[in-house]
Every structure is written in structure tokens, then in C-alpha cells.
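Here's protein.pdb, which has PDB, C-alpha atoms:
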```pdb
ATOM      1  CA  MET A   1       4.886   7.370 -10.308
ATOM      2  CA  ASP A   2       1.731   6.480  -8.425
ATOM      3  CA  VAL A   3       1.353   4.713  -5.087
ATOM      4  CA  VAL A   4      -1.692   3.142  -3.442
ATOM      5  CA  VAL A   5      -2.652   5.003  -0.241
ATOM      6  CA  GLY A   6      -5.874   3.141   0.489
ATOM      7  CA  ARG A   7      -8.585   0.773  -0.680
ATOM      8  CA  ILE A   8     -12.299   1.407  -0.413
ATOM      9  CA  ALA A   9     -13.780  -1.461   1.572
ATOM     10  CA  LYS A  10     -17.470  -0.583   1.545
ATOM     11  CA  ALA A  11     -20.123   2.089   1.747
ATOM     12  CA  HIS A  12     -21.016   3.287   5.237
ATOM     13  CA  GLY A  13     -24.346   4.843   6.134
ATOM     14  CA  ILE A  14     -26.791   6.499   3.774
ATOM     15  CA  ARG A  15     -24.948   9.744   2.945
ATOM     16  CA  GLY A  16     -22.196   8.317   0.748
ATOM     17  CA  GLU A  17     -19.458   7.831   3.339
ATOM     18  CA  LEU A  18     -16.914   5.146   2.523
ATOM     19  CA  ALA A  19     -14.898   2.862   4.797
ATOM     20  CA  VAL A  20     -11.263   2.939   3.654
ATOM     21  CA  ASP A  21      -8.451   0.529   4.509
ATOM     22  CA  VAL A  22      -5.508   2.918   4.820
ATOM     23  CA  ARG A  23      -2.175   2.009   3.189
ATOM     24  CA  THR A  24      -0.131   5.058   4.107
ATOM     25  CA  ASP A  25       1.781   6.105   7.196
ATOM     26  CA  SER A  26       0.525   9.667   6.824
ATOM     27  CA  PRO A  27      -3.279   9.448   6.534
ATOM     28  CA  GLU A  28      -3.672  12.922   8.043
ATOM     29  CA  GLN A  29      -1.905  14.347   4.970
ATOM     30  CA  ARG A  30      -3.279  12.007   2.307
ATOM     31  CA  PHE A  31      -6.883  12.301   3.527
ATOM     32  CA  ALA A  32      -6.918  15.980   4.523
ATOM     33  CA  VAL A  33     -10.045  17.933   3.651
ATOM     34  CA  GLY A  34      -9.653  19.426   0.182
ATOM     35  CA  SER A  35      -7.078  16.867  -0.962
ATOM     36  CA  ALA A  36      -7.626  15.223  -4.312
ATOM     37  CA  VAL A  37      -7.165  11.498  -4.895
ATOM     38  CA  THR A  38      -7.493   9.339  -7.946
ATOM     39  CA  THR A  39      -9.531   6.179  -7.662
ATOM     40  CA  LYS A  40      -8.790   3.151  -9.768
ATOM     41  CA  LEU A  41     -12.061   1.287 -10.080
ATOM     42  CA  ARG A  42     -12.450  -2.470 -10.385
ATOM     43  CA  ASP A  43     -13.290  -2.134 -14.090
ATOM     44  CA  GLY A  44      -9.931  -0.401 -14.673
ATOM     45  CA  SER A  45     -11.340   3.090 -15.110
ATOM     46  CA  SER A  46     -10.201   6.050 -13.018
ATOM     47  CA  ARG A  47     -12.020   8.882 -11.305
ATOM     48  CA  ASN A  48     -10.739  11.961  -9.467
ATOM     49  CA  LEU A  49     -12.352  12.720  -6.110
ATOM     50  CA  THR A  50     -11.969  15.487  -3.525
ATOM     51  CA  ILE A  51     -11.999  14.711   0.192
ATOM     52  CA  ALA A  52     -14.812  16.495   2.047
ATOM     53  CA  ALA A  53     -14.306  14.819   5.443
ATOM     54  CA  ALA A  54     -12.394  11.956   7.062
ATOM     55  CA  ARG A  55     -12.562  10.364  10.491
ATOM     56  CA  GLU A  56     -11.393   7.187  12.194
ATOM     57  CA  HIS A  57     -13.922   4.447  12.887
ATOM     58  CA  SER A  58     -13.334   0.830  13.993
ATOM     59  CA  GLY A  59      -9.811   0.550  12.604
ATOM     60  CA  ARG A  60     -10.689   2.148   9.280
ATOM     61  CA  LEU A  61     -11.023   5.652   7.988
ATOM     62  CA  LEU A  62     -14.491   6.866   7.053
ATOM     63  CA  VAL A  63     -14.148   9.240   4.128
ATOM     64  CA  ARG A  64     -16.736  11.459   2.471
ATOM     65  CA  PHE A  65     -15.965  12.792  -1.007
ATOM     66  CA  GLU A  66     -17.484  15.971  -2.464
ATOM     67  CA  GLU A  67     -18.541  14.047  -5.583
ATOM     68  CA  VAL A  68     -20.229  11.159  -3.725
ATOM     69  CA  LEU A  69     -23.532  12.226  -2.201
ATOM     70  CA  THR A  70     -25.508   8.983  -1.859
ATOM     71  CA  ARG A  71     -24.987   5.407  -0.752
ATOM     72  CA  ASP A  72     -25.838   4.205  -4.278
ATOM     73  CA  VAL A  73     -22.921   6.173  -5.728
ATOM     74  CA  ALA A  74     -20.671   5.036  -2.860
ATOM     75  CA  GLU A  75     -21.496   1.384  -3.611
ATOM     76  CA  THR A  76     -20.081   1.795  -7.131
ATOM     77  CA  LEU A  77     -16.688   2.594  -5.560
ATOM     78  CA  ARG A  78     -16.423  -0.595  -3.461
ATOM     79  CA  GLY A  79     -12.993  -2.190  -3.978
ATOM     80  CA  ALA A  80     -11.479   0.865  -5.675
ATOM     81  CA  LEU A  81      -7.847   1.721  -4.968
ATOM     82  CA  LEU A  82      -6.986   5.256  -3.876
ATOM     83  CA  ILE A  83      -3.889   6.484  -5.681
ATOM     84  CA  ALA A  84      -1.457   9.319  -4.921
ATOM     85  CA  ASP A  85       1.478  10.689  -6.877
ATOM     86  CA  THR A  86       4.757   9.637  -5.205
ATOM     87  CA  SER A  87       6.317  13.033  -5.930
ATOM     88  CA  THR A  88       3.990  14.517  -3.301
ATOM     89  CA  LEU A  89       5.073  12.099  -0.564
ATOM     90  CA  PRO A  90       7.160  13.575   2.245
ATOM     91  CA  PRO A  91      10.625  12.071   2.736
ATOM     92  CA  THR A  92      10.862   9.364   5.381
ATOM     93  CA  GLU A  93      12.756  10.435   8.491
ATOM     94  CA  ASP A  94      13.563   6.905   9.712
ATOM     95  CA  PRO A  95      16.298   5.064   7.750
ATOM     96  CA  ASP A  96      14.409   1.795   8.382
ATOM     97  CA  GLU A  97      11.156   3.074   6.821
ATOM     98  CA  PHE A  98      10.414   2.746   3.135
ATOM     99  CA  TYR A  99       7.546   3.462   0.809
ATOM    100  CA  ASP A 100       6.243   0.384  -1.006
ATOM    101  CA  HIS A 101       7.147   1.829  -4.402
ATOM    102  CA  GLU A 102      10.791   2.197  -3.306
ATOM    103  CA  LEU A 103      11.068  -1.548  -2.677
ATOM    104  CA  GLU A 104       9.125  -2.862  -5.665
ATOM    105  CA  GLY A 105      11.508  -3.983  -8.398
ATOM    106  CA  LEU A 106      14.588  -4.255  -6.166
ATOM    107  CA  ARG A 107      16.899  -7.222  -6.647
ATOM    108  CA  ALA A 108      16.630  -9.794  -3.840
ATOM    109  CA  GLU A 109      19.920 -11.416  -2.900
ATOM    110  CA  LEU A 110      21.307 -13.585  -0.134
ATOM    111  CA  THR A 111      23.930 -12.329   2.322
ATOM    112  CA  ASP A 112      26.650 -13.921   0.142
ATOM    113  CA  GLY A 113      25.494 -11.910  -2.890
ATOM    114  CA  THR A 114      23.638 -14.719  -4.678
ATOM    115  CA  VAL A 115      20.690 -13.217  -6.548
ATOM    116  CA  VAL A 116      17.462 -15.076  -5.750
ATOM    117  CA  GLY A 117      14.865 -12.892  -7.461
ATOM    118  CA  LYS A 118      13.083  -9.563  -7.544
ATOM    119  CA  VAL A 119      10.665  -7.818  -5.160
ATOM    120  CA  LEU A 120       7.258  -7.778  -6.871
ATOM    121  CA  GLU A 121       5.240  -5.977  -4.208
ATOM    122  CA  ILE A 122       4.751  -5.412  -0.494
ATOM    123  CA  VAL A 123       1.883  -7.367   1.046
ATOM    124  CA  HIS A 124       0.291  -5.732   4.082
ATOM    125  CA  SER A 125      -1.189  -8.337   6.408
ATOM    126  CA  PRO A 126      -2.522  -8.130   9.968
ATOM    127  CA  ALA A 127       0.629  -9.936  11.133
ATOM    128  CA  GLY A 128       2.959  -7.472   9.394
ATOM    129  CA  GLU A 129       4.481  -6.708   6.014
ATOM    130  CA  LEU A 130       5.678  -9.368   3.604
ATOM    131  CA  LEU A 131       7.912  -9.023   0.567
ATOM    132  CA  SER A 132       6.442 -10.801  -2.442
ATOM    133  CA  ILE A 133       9.518 -12.041  -4.279
ATOM    134  CA  GLU A 134       9.669 -13.649  -7.704
ATOM    135  CA  HIS A 135      11.984 -16.650  -7.180
ATOM    136  CA  ASP A 136      12.537 -19.407  -9.760
ATOM    137  CA  GLY A 137       9.381 -18.475 -11.654
ATOM    138  CA  ARG A 138       7.095 -18.447  -8.617
ATOM    139  CA  GLU A 139       6.053 -16.039  -5.896
ATOM    140  CA  VAL A 140       7.537 -16.455  -2.412
ATOM    141  CA  LEU A 141       6.359 -14.404   0.571
ATOM    142  CA  VAL A 142       9.159 -13.307   2.889
ATOM    143  CA  PRO A 143       8.442 -11.668   6.265
ATOM    144  CA  PHE A 144       9.811  -8.120   6.145
ATOM    145  CA  VAL A 145      11.603  -8.248   9.495
ATOM    146  CA  LYS A 146      15.204  -7.318  10.337
ATOM    147  CA  ALA A 147      16.162 -10.939  11.166
ATOM    148  CA  ILE A 148      15.265 -12.102   7.632
ATOM    149  CA  VAL A 149      15.831  -8.866   5.684
ATOM    150  CA  PRO A 150      18.917  -7.429   7.411
ATOM    151  CA  ALA A 151      19.650  -4.789   4.778
ATOM    152  CA  VAL A 152      17.727  -2.647   2.314
ATOM    153  CA  ASP A 153      19.815  -0.670  -0.150
ATOM    154  CA  VAL A 154      17.378   1.359  -2.254
ATOM    155  CA  ALA A 155      20.172   3.346  -3.934
ATOM    156  CA  GLY A 156      22.000   0.093  -4.760
ATOM    157  CA  GLY A 157      18.784  -1.496  -6.024
ATOM    158  CA  ARG A 158      18.768  -4.472  -3.654
ATOM    159  CA  VAL A 159      17.385  -6.083  -0.539
ATOM    160  CA  VAL A 160      19.532  -8.580   1.327
ATOM    161  CA  LEU A 161      17.888 -11.746   2.643
ATOM    162  CA  ASP A 162      19.018 -14.099   5.375
ATOM    163  CA  PRO A 163      16.115 -16.558   5.193
ATOM    164  CA  PRO A 164      15.657 -19.508   7.536
ATOM    165  CA  GLU A 165      16.186 -22.887   5.890
ATOM    166  CA  GLY A 166      13.348 -23.835   3.590
ATOM    167  CA  LEU A 167      11.700 -20.385   3.325
ATOM    168  CA  LEU A 168      12.588 -19.940  -0.336
ATOM    169  CA  ASP A 169      11.795 -23.576  -1.107
ATOM    170  CA  ALA A 170       8.162 -23.416   0.031
TER     171      ALA A 170
END
```

Output the file's structure in the form of C-alpha cells.
Amino acid sequence: MDVVVGRIAKAHGIRGELAVDVRTDSPEQRFAVGSAVTTKLRDGSSRNLTIAAAREHSGRLLVRFEEVLTRDVAETLRGALLIADTSTLPPTEDPDEFYDHELEGLRAELTDGTVVGKVLEIVHSPAGELLSIEHDGREVLVPFVKAIVPAVDVAGGRVVLDPPEGLLDA
């Protein structure tokens, strides 16, 4: 299974560096020199790239790939997703930390056991993570905080919700 570890925001400079929005808790491993990543381009095609250098800059990671030598080539990668194989991810040490792919597809139920939907994806926003839940044929965004999501049972295939009144009705 594959997991998104970053998204290319834009080209940076004239030597083919790319500004990357990181979507992994271990960027030092995922973006280590010599590591290979797969890019999923906006047109749906894929391309394998090898990391030549990576450094932090203004809240993003600036990455240079061995195969990208000019700004023109870098511009063709704008918006591409950077993909990693989940089998290479290290186990999480914290019982309250989860990889996005572990949560996607879990059954969403209320504290009384009533099933309300399914987790579609995890939305990363500046204010924090949100669970995108399919509920009654529509998407509902639920803040992924302990007060609203008191339990996550990956092995049991469920997340437990204790939403404030009206959250699932919006």
C-alpha cells in the first residue's frame, strides 16, 4: 500500500529545487539523500525520483532530485504527490499516533455503537487534522481531537466519535 509523504508546491530557484509540503512525521527518513520516491503527477502518470539534497526553508522542505536539473523540469512537477510504500514506514511508538492509511476506511461510530459512516481520508489543515467521514451520502469534516474522537481501534476497524450537537448535521 502507498501513502502520501509530501506534495510539491512549486519550483524554487533556477537549479531545479522544489518546495515540498511535508505530510510525514519522519521527513529525515523519507527525504534522506539517496532515498527514492515515486511522484504521482497531476496528469495521473508516475515518475521515480532519487533525493539528492533536502533542507528546511520557510516551513517547507526544499528538495533537489538527481533527475531534475533545471527549473523548467521542476515546473513540470508542480502539484505532484510524493508517494512511499507503507511497508517501509517505521512503527509508531505513541499509541495515540496513527498513519493516515491506518485510519482511512475505518468504520465511524458513536459512543453508543451506532454506525454513522466511514473515514474517507485525513485532511491536514493549519488548525490541525480533520477526519473526512462519509455520513448519509455526504462528506462531514470532524476535528481529530480526543474530546470528539475519544477512541481509535485500528485492529477493530473503527473510530469512536462523541461529536458536539449538530456536527454531523452540518

inquiry  = So, with all atoms listed in the file as the atoms that count, which of A:Arg30, A:Ala80, A:Glu17, A:Leu62 lies closest to Arg47 in chain A?
reply    = A:Ala80

remark   = CA of Arg158 in chain A sits from CA of Glu102 in chain A at a separation of 10.4 Å

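Here CA of Gly79 in chain A is placed at a distance of 21.8 Å from CA of Tyr99 in chain A.
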
query = Pick the closest to Lys10 in chain A from A:Val33, A:Leu69, A:Ala74, A:Leu49: which is it, counting all atoms listed in the file?
reply =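 Under the stated criterion, the closest residue is A:Ala74.
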
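Once the PyMOL selection byres ((chain A and resi 39) around 9) is applied to the depicted file, the selected set reads Arg7, Val37, Thr38, Lys40, Leu41, Ser45, Ser46, Arg47, Asn48, Leu49, Leu77, Ala80, Leu81, Leu82 and Ile83 of chain A.
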
ask   = If we count only C-alpha atoms, what is near Ala9 in chain A at a cut-off of 7 Å, once residues fewer than 6 positions away on the same chain are taken out, given as a ChimeraX atom specification?
value = /A:19-21,78-79

request  = For Leu130 in chain A, list every protein, DNA or RNA residue within 10 Å, evaluated using only C-alpha atoms, and leave out those in the same chain fewer than 3 positions away; present the list as a list in words.
outcome  = Glu121, Ile122, Val123, His124, Ser125, Ala127, Ile133, Val140, Leu141, Val142, Pro143, Phe144 and Val145 of chain A

Shell around Ile51 in chain A at 6 Å using only C-alpha atoms, local window under 4 positions removed, as a compact mmCIF listing (two decimals) with C-alpha atoms, keeping the file's coordinate frame:
```
# COMPACT_ATOMS: atom_id res chain seq x y z
CA VAL A 33 -10.04 17.93 3.65
CA GLY A 34 -9.65 19.43 0.18
CA SER A 35 -7.08 16.87 -0.96
CA PHE A 65 -15.96 12.79 -1.01
```

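CA of Glu75 in chain A is positioned 24.3 Å from CA of Asp2 in chain A.
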
Using all atoms of range 57-70 of chain A listed in the file and a margin of 8 Å per side, can you give the axis-aligned box centre and edge lengths in Å to one decimal, as JSON?
```
{"center_x": -17.7, "center_y": 8.3, "center_z": 4.2, "size_x": 31.7, "size_y": 31.4, "size_z": 35.6}
```

query = Which one of A:Pro126, A:Gly44, A:Gly105, A:Gly16 sits closest to Val73 in chain A if you count all atoms listed in the file?
reply =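 For Val73 in chain A, the nearest of the given residues is A:Gly16.
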
message = Running the PyMOL selection byres ((chain A and resi 161) around 10) on this model by hand, what would come out? Give it as an NGL selection string.
response = :A and (108-116 or 142 or 144-152 or 158-160 or 162-164)

task = Name the residues in contact with Val3 in chain A at a cut-off of 7 Å, using all atoms listed in the file, excluding same-chain residues fewer than 6 positions from it; report them as a PyMOL selection string.
result = chain A and resi 83-86+101

message = So, with all atoms listed in the file as the atoms that count, which of A:Thr70, A:Val154, A:Leu131, A:Gly59 lies closest to Leu106 in chain A?
response =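 Smallest distance to Leu106 in chain A is found for A:Val154.
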
query = Between A:Val22, A:Val119, A:Leu103, A:Ala32, which has the minimum distance to Leu61 in chain A (counting all atoms listed in the file)?
reply =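 Using all atoms listed in the file, Leu61 in chain A sits closest to A:Val22.
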